[in-house]
Amino acid sequence: MIKRLLLPVLIALAPFGTSAAHAGQPVLVELFTSQGCSSCPPADRLLGDLTKDKRVVALSFHVDYWDYLGWKDTFASKANTARQHDYVGNTDRSGIKQRLRGKFTPEIVIQGSHSFVGHDKLSIAASIVEHSNAAERAEVALTNAGDGTRITLTPKATGLPTTRVMLAVFQPEASVAIGRGENAGRNISYHHVVTELRELGRWSGDAAETLDVPEGGNFAVFLQDGKAGDVIAAAIAQ
């Protein structure tokens with residue numbers, strides 16, 4: 001009986017961390033992490049696995065509130081910390097098996113709506129499958145346009161909220177030698193580290209729309225309801 005119950009979970013996890021194509025829609029996964037957090041390296045490795053999964057748009061946001069422990073995170077910013085703070089009280093934390101009321105690391109937020117401890121692989125994988133297989137509400141398509149990229153936004157459902165069109169530029173990978181703090185002496189690899197996040201505009205969701213941006217490297221685009229609401233579509237270029 002136990003083996004029978006586990007089988008659907010194992011099937012769901014099969015593409016996890018692979019480059020296999022997935023039929024569902026792309027899912028935005030945001031990791032809030034810190035180089036000064038001793039609990040974060042497993043989550044950083046997990047995000048690295050997720051960057052290989054075609055159904056996932058994986059981004060890493062480094063926060064600065066652990067810098068006082070002795071090591072200043074080389075990727076952290078107050079803007080990243082503010083973004084995580086905006087999610088507090090706005091995401092579903094029922095999948096977290098402990099009481100965490102404020103900001104914490106490592107935290108993974110999926111589609112702007114569900115929060116998990118960043119190294120809880122089983123819960124995160126199950127949530128990715130659930131969101132990927134949900135009814136598609138909108139599509140973000142990225143195509144080459146001269147020296148930049150054309151973003152095409154297409155509604156797939158009616159009654160969509162007006163969303164913010166967000167663009168996140170990221171560094172694909174970096175290895176950092178930690179000199180002090182909780183991870184002193186460790187060399188840790190980080191993946192899809194967000195170096196810039198900006199709003200391109202608002203989309204009503206009533207009709208298809210295109211935007212041209214100068215970016216042509218490593219970036220992601222997603223549609224989010226408000227500052228910390230649901231993400232209804234995402235895409236990645238790299």
# chains A, B, ... in the order shown; residues from 1 in each chain; ligands from 1
>>> closest_atom_pairs(of="stretch 95-177 of chain A", to="stretch 34-47 of chain A", cutoff="10 Å", atoms="only C-alpha atoms", output="JSON lines")
{"residue": "A:Phe104", "atom": "CA", "partner": "A:Cys37", "partner_atom": "CA", "distance": 9.8}
{"residue": "A:Thr105", "atom": "CA", "partner": "A:Cys40", "partner_atom": "CA", "distance": 6.6}
{"residue": "A:Pro106", "atom": "CA", "partner": "A:Cys40", "partner_atom": "CA", "distance": 5.2}
{"residue": "A:Glu107", "atom": "CA", "partner": "A:Ala43", "partner_atom": "CA", "distance": 8.3}
{"residue": "A:Ile108", "atom": "CA", "partner": "A:Ala43", "partner_atom": "CA", "distance": 8.5}
{"residue": "A:Val117", "atom": "CA", "partner": "A:Ala43", "partner_atom": "CA", "distance": 8.4}
{"residue": "A:Gly118", "atom": "CA", "partner": "A:Ala43", "partner_atom": "CA", "distance": 5.0}
{"residue": "A:His119", "atom": "CA", "partner": "A:Ala43", "partner_atom": "CA", "distance": 4.4}
{"residue": "A:Asp120", "atom": "CA", "partner": "A:Ala43", "partner_atom": "CA", "distance": 8.1}
{"residue": "A:Lys121", "atom": "CA", "partner": "A:Leu46", "partner_atom": "CA", "distance": 7.5}
{"residue": "A:Ile124", "atom": "CA", "partner": "A:Leu46", "partner_atom": "CA", "distance": 9.9}
{"residue": "A:Val176", "atom": "CA", "partner": "A:Gln35", "partner_atom": "CA", "distance": 8.6}
{"residue": "A:Ala177", "atom": "CA", "partner": "A:Gln35", "partner_atom": "CA", "distance": 9.6}
>>> write_last_selection(atoms="C-alpha atoms", output="short mmCIF file (atom, residue, chain, number, x, y, z; two decimals), in the first residue's frame")
data_model
loop_
_atom_site.label_atom_id
_atom_site.label_comp_id
_atom_site.auth_asym_id
_atom_site.auth_seq_id
_atom_site.Cartn_x
_atom_site.Cartn_y
_atom_site.Cartn_z
CA PHE A 104 13.19 33.64 6.77
CA THR A 105 15.85 31.95 4.69
CA PRO A 106 15.86 29.83 2.74
CA GLU A 107 12.35 30.51 1.43
CA ILE A 108 10.94 29.45 -1.92
CA VAL A 117 11.17 26.10 3.27
CA GLY A 118 13.72 26.31 0.48
CA HIS A 119 15.14 22.81 0.81
CA ASP A 120 11.81 20.93 1.16
CA LYS A 121 12.24 19.15 -2.16
CA ILE A 124 8.31 22.11 -3.74
CA VAL A 176 31.70 32.42 -3.98
CA ALA A 177 34.36 31.71 -1.35
#
>>> select_by_dssp(residues="stretch 141-212 of chain A", states="strand (DSSP E)", output="ChimeraX atom specification")
/A:141-145,148-155,163-177,187-203,209-212
>>> write_last_selection(atoms="N, CA and C atoms", output="short mmCIF file (atom, residue, chain, number, x, y, z; two decimals), in the first residue's frame")
data_model
loop_
_atom_site.label_atom_id
_atom_site.label_comp_id
_atom_site.auth_asym_id
_atom_site.auth_seq_id
_atom_site.Cartn_x
_atom_site.Cartn_y
_atom_site.Cartn_z
N ALA A 141 5.70 35.04 -24.41
CA ALA A 141 6.59 34.47 -25.42
C ALA A 141 7.72 35.45 -25.69
N LEU A 142 8.94 34.93 -25.80
CA LEU A 142 10.13 35.74 -26.03
C LEU A 142 10.75 35.36 -27.37
N THR A 143 10.93 36.35 -28.26
CA THR A 143 11.54 36.09 -29.56
C THR A 143 12.59 37.15 -29.86
N ASN A 144 13.57 36.78 -30.67
CA ASN A 144 14.62 37.72 -31.05
C ASN A 144 14.04 38.87 -31.86
N ALA A 145 14.52 40.07 -31.59
CA ALA A 145 14.07 41.25 -32.33
C ALA A 145 15.27 42.17 -32.53
N GLY A 148 17.69 43.05 -29.62
CA GLY A 148 16.99 42.84 -28.36
C GLY A 148 16.01 41.69 -28.42
N THR A 149 14.94 41.82 -27.66
CA THR A 149 13.95 40.75 -27.55
C THR A 149 12.55 41.35 -27.62
N ARG A 150 11.68 40.65 -28.32
CA ARG A 150 10.26 41.02 -28.35
C ARG A 150 9.49 40.13 -27.37
N ILE A 151 8.74 40.78 -26.50
CA ILE A 151 7.91 40.08 -25.52
C ILE A 151 6.47 40.15 -26.01
N THR A 152 5.85 38.99 -26.17
CA THR A 152 4.45 38.93 -26.58
C THR A 152 3.62 38.37 -25.45
N LEU A 153 2.62 39.14 -25.04
CA LEU A 153 1.72 38.75 -23.95
C LEU A 153 0.37 38.39 -24.57
N THR A 154 -0.10 37.18 -24.27
CA THR A 154 -1.34 36.70 -24.87
C THR A 154 -2.28 36.17 -23.81
N PRO A 155 -3.52 36.67 -23.75
CA PRO A 155 -4.47 36.12 -22.78
C PRO A 155 -4.93 34.72 -23.20
N THR A 163 -1.93 43.19 -14.62
CA THR A 163 -0.70 42.69 -14.01
C THR A 163 0.49 43.58 -14.31
N ARG A 164 1.48 43.49 -13.45
CA ARG A 164 2.75 44.16 -13.68
C ARG A 164 3.61 43.25 -14.56
N VAL A 165 4.20 43.84 -15.59
CA VAL A 165 5.11 43.09 -16.46
C VAL A 165 6.51 43.28 -15.89
N MET A 166 7.06 42.21 -15.32
CA MET A 166 8.33 42.29 -14.62
C MET A 166 9.44 41.62 -15.42
N LEU A 167 10.60 42.28 -15.44
CA LEU A 167 11.77 41.71 -16.11
C LEU A 167 12.89 41.56 -15.09
N ALA A 168 13.42 40.36 -14.99
CA ALA A 168 14.50 40.05 -14.04
C ALA A 168 15.75 39.62 -14.81
N VAL A 169 16.80 40.41 -14.72
CA VAL A 169 18.08 40.04 -15.31
C VAL A 169 18.85 39.21 -14.28
N PHE A 170 19.46 38.12 -14.72
CA PHE A 170 20.16 37.27 -13.76
C PHE A 170 21.52 36.82 -14.27
N GLN A 171 22.39 36.52 -13.32
CA GLN A 171 23.70 35.92 -13.60
C GLN A 171 23.52 34.41 -13.55
N PRO A 172 23.84 33.69 -14.62
CA PRO A 172 23.52 32.26 -14.66
C PRO A 172 24.13 31.45 -13.52
N GLU A 173 25.40 31.71 -13.21
CA GLU A 173 26.05 30.91 -12.15
C GLU A 173 27.25 31.67 -11.61
N ALA A 174 27.51 31.46 -10.33
CA ALA A 174 28.68 32.07 -9.71
C ALA A 174 29.10 31.23 -8.52
N SER A 175 30.39 31.16 -8.29
CA SER A 175 30.93 30.45 -7.14
C SER A 175 31.58 31.46 -6.22
N VAL A 176 31.22 31.42 -4.94
CA VAL A 176 31.70 32.42 -3.98
C VAL A 176 32.42 31.73 -2.82
N ALA A 177 33.62 32.18 -2.52
CA ALA A 177 34.36 31.71 -1.35
C ALA A 177 33.93 32.56 -0.16
N ASN A 187 33.01 27.15 -0.18
CA ASN A 187 32.90 27.69 -1.53
C ASN A 187 31.55 27.23 -2.07
N ILE A 188 30.63 28.17 -2.28
CA ILE A 188 29.24 27.82 -2.59
C ILE A 188 28.87 28.32 -3.98
N SER A 189 28.18 27.47 -4.73
CA SER A 189 27.73 27.85 -6.07
C SER A 189 26.30 28.38 -6.00
N TYR A 190 26.06 29.44 -6.75
CA TYR A 190 24.74 30.06 -6.82
C TYR A 190 24.29 30.10 -8.28
N HIS A 191 22.98 30.06 -8.47
CA HIS A 191 22.42 29.91 -9.81
C HIS A 191 21.30 30.92 -10.05
N HIS A 192 21.27 31.44 -11.27
CA HIS A 192 20.22 32.38 -11.70
C HIS A 192 20.03 33.49 -10.67
N VAL A 193 21.15 34.13 -10.32
CA VAL A 193 21.15 35.20 -9.32
C VAL A 193 20.63 36.50 -9.93
N VAL A 194 19.53 37.00 -9.41
CA VAL A 194 18.93 38.21 -9.95
C VAL A 194 19.81 39.42 -9.63
N THR A 195 20.20 40.15 -10.67
CA THR A 195 21.02 41.34 -10.50
C THR A 195 20.22 42.63 -10.77
N GLU A 196 19.06 42.47 -11.41
CA GLU A 196 18.20 43.63 -11.66
C GLU A 196 16.77 43.14 -11.84
N LEU A 197 15.84 43.83 -11.20
CA LEU A 197 14.41 43.55 -11.36
C LEU A 197 13.71 44.87 -11.62
N ARG A 198 12.99 44.95 -12.74
CA ARG A 198 12.29 46.20 -13.03
C ARG A 198 10.93 45.92 -13.66
N GLU A 199 10.05 46.89 -13.48
CA GLU A 199 8.71 46.80 -14.06
C GLU A 199 8.72 47.47 -15.42
N LEU A 200 8.25 46.74 -16.44
CA LEU A 200 8.22 47.27 -17.80
C LEU A 200 6.93 48.04 -18.08
N GLY A 201 5.91 47.76 -17.30
CA GLY A 201 4.62 48.40 -17.51
C GLY A 201 3.50 47.54 -16.95
N ARG A 202 2.28 47.90 -17.29
CA ARG A 202 1.10 47.15 -16.84
C ARG A 202 0.38 46.57 -18.06
N TRP A 203 -0.21 45.39 -17.87
CA TRP A 203 -0.95 44.72 -18.94
C TRP A 203 -2.34 44.43 -18.45
N GLU A 209 -0.48 41.80 -26.56
CA GLU A 209 0.33 43.02 -26.58
C GLU A 209 1.80 42.63 -26.74
N THR A 210 2.58 43.49 -27.41
CA THR A 210 4.01 43.23 -27.56
C THR A 210 4.82 44.38 -26.99
N LEU A 211 5.99 44.03 -26.46
CA LEU A 211 6.94 45.02 -25.94
C LEU A 211 8.31 44.62 -26.44
N ASP A 212 9.11 45.59 -26.83
CA ASP A 212 10.48 45.34 -27.24
C ASP A 212 11.43 45.84 -26.16
#
>>> residues_around(residues="stretch 51-68 of chain A", least_positions_apart="4", cutoff="9 Å", atoms="only C-alpha atoms", output="ChimeraX atom specification")
/A:15-37,44,46-47,72-84,105,128-129,132,168,170,181,190-195,220,234-236
>>> select_by_dssp(residues="stretch 4-166 of chain A", states="alpha helix (DSSP H)", output="MDAnalysis selection string")
chainID A and resid 4:13 41:50 78:87 121:132
>>> closest_residue(among="A:Leu160, A:Ala208, A:Leu122, A:Asn218", to="A:Glu136", atoms="only C-alpha atoms")
A:Leu160
>>> closest_residue(among="A:Thr162, A:Gln238, A:Asn133, A:Ser115", to="A:Asp92", atoms="only C-alpha atoms")
A:Ser115
>>> atom_distance(atom1="atom CA of A:Thr158", atom2="atom CA of A:Ala233")
14.2 Å
>>> atom_distance(atom1="atom CA of A:Arg93", atom2="atom CA of A:Ala125")
15.4 Å
>>> residues_around(residues="A:Tyr87", least_positions_apart="2", cutoff="10 Å", atoms="only C-alpha atoms", output="count of residues only")
18
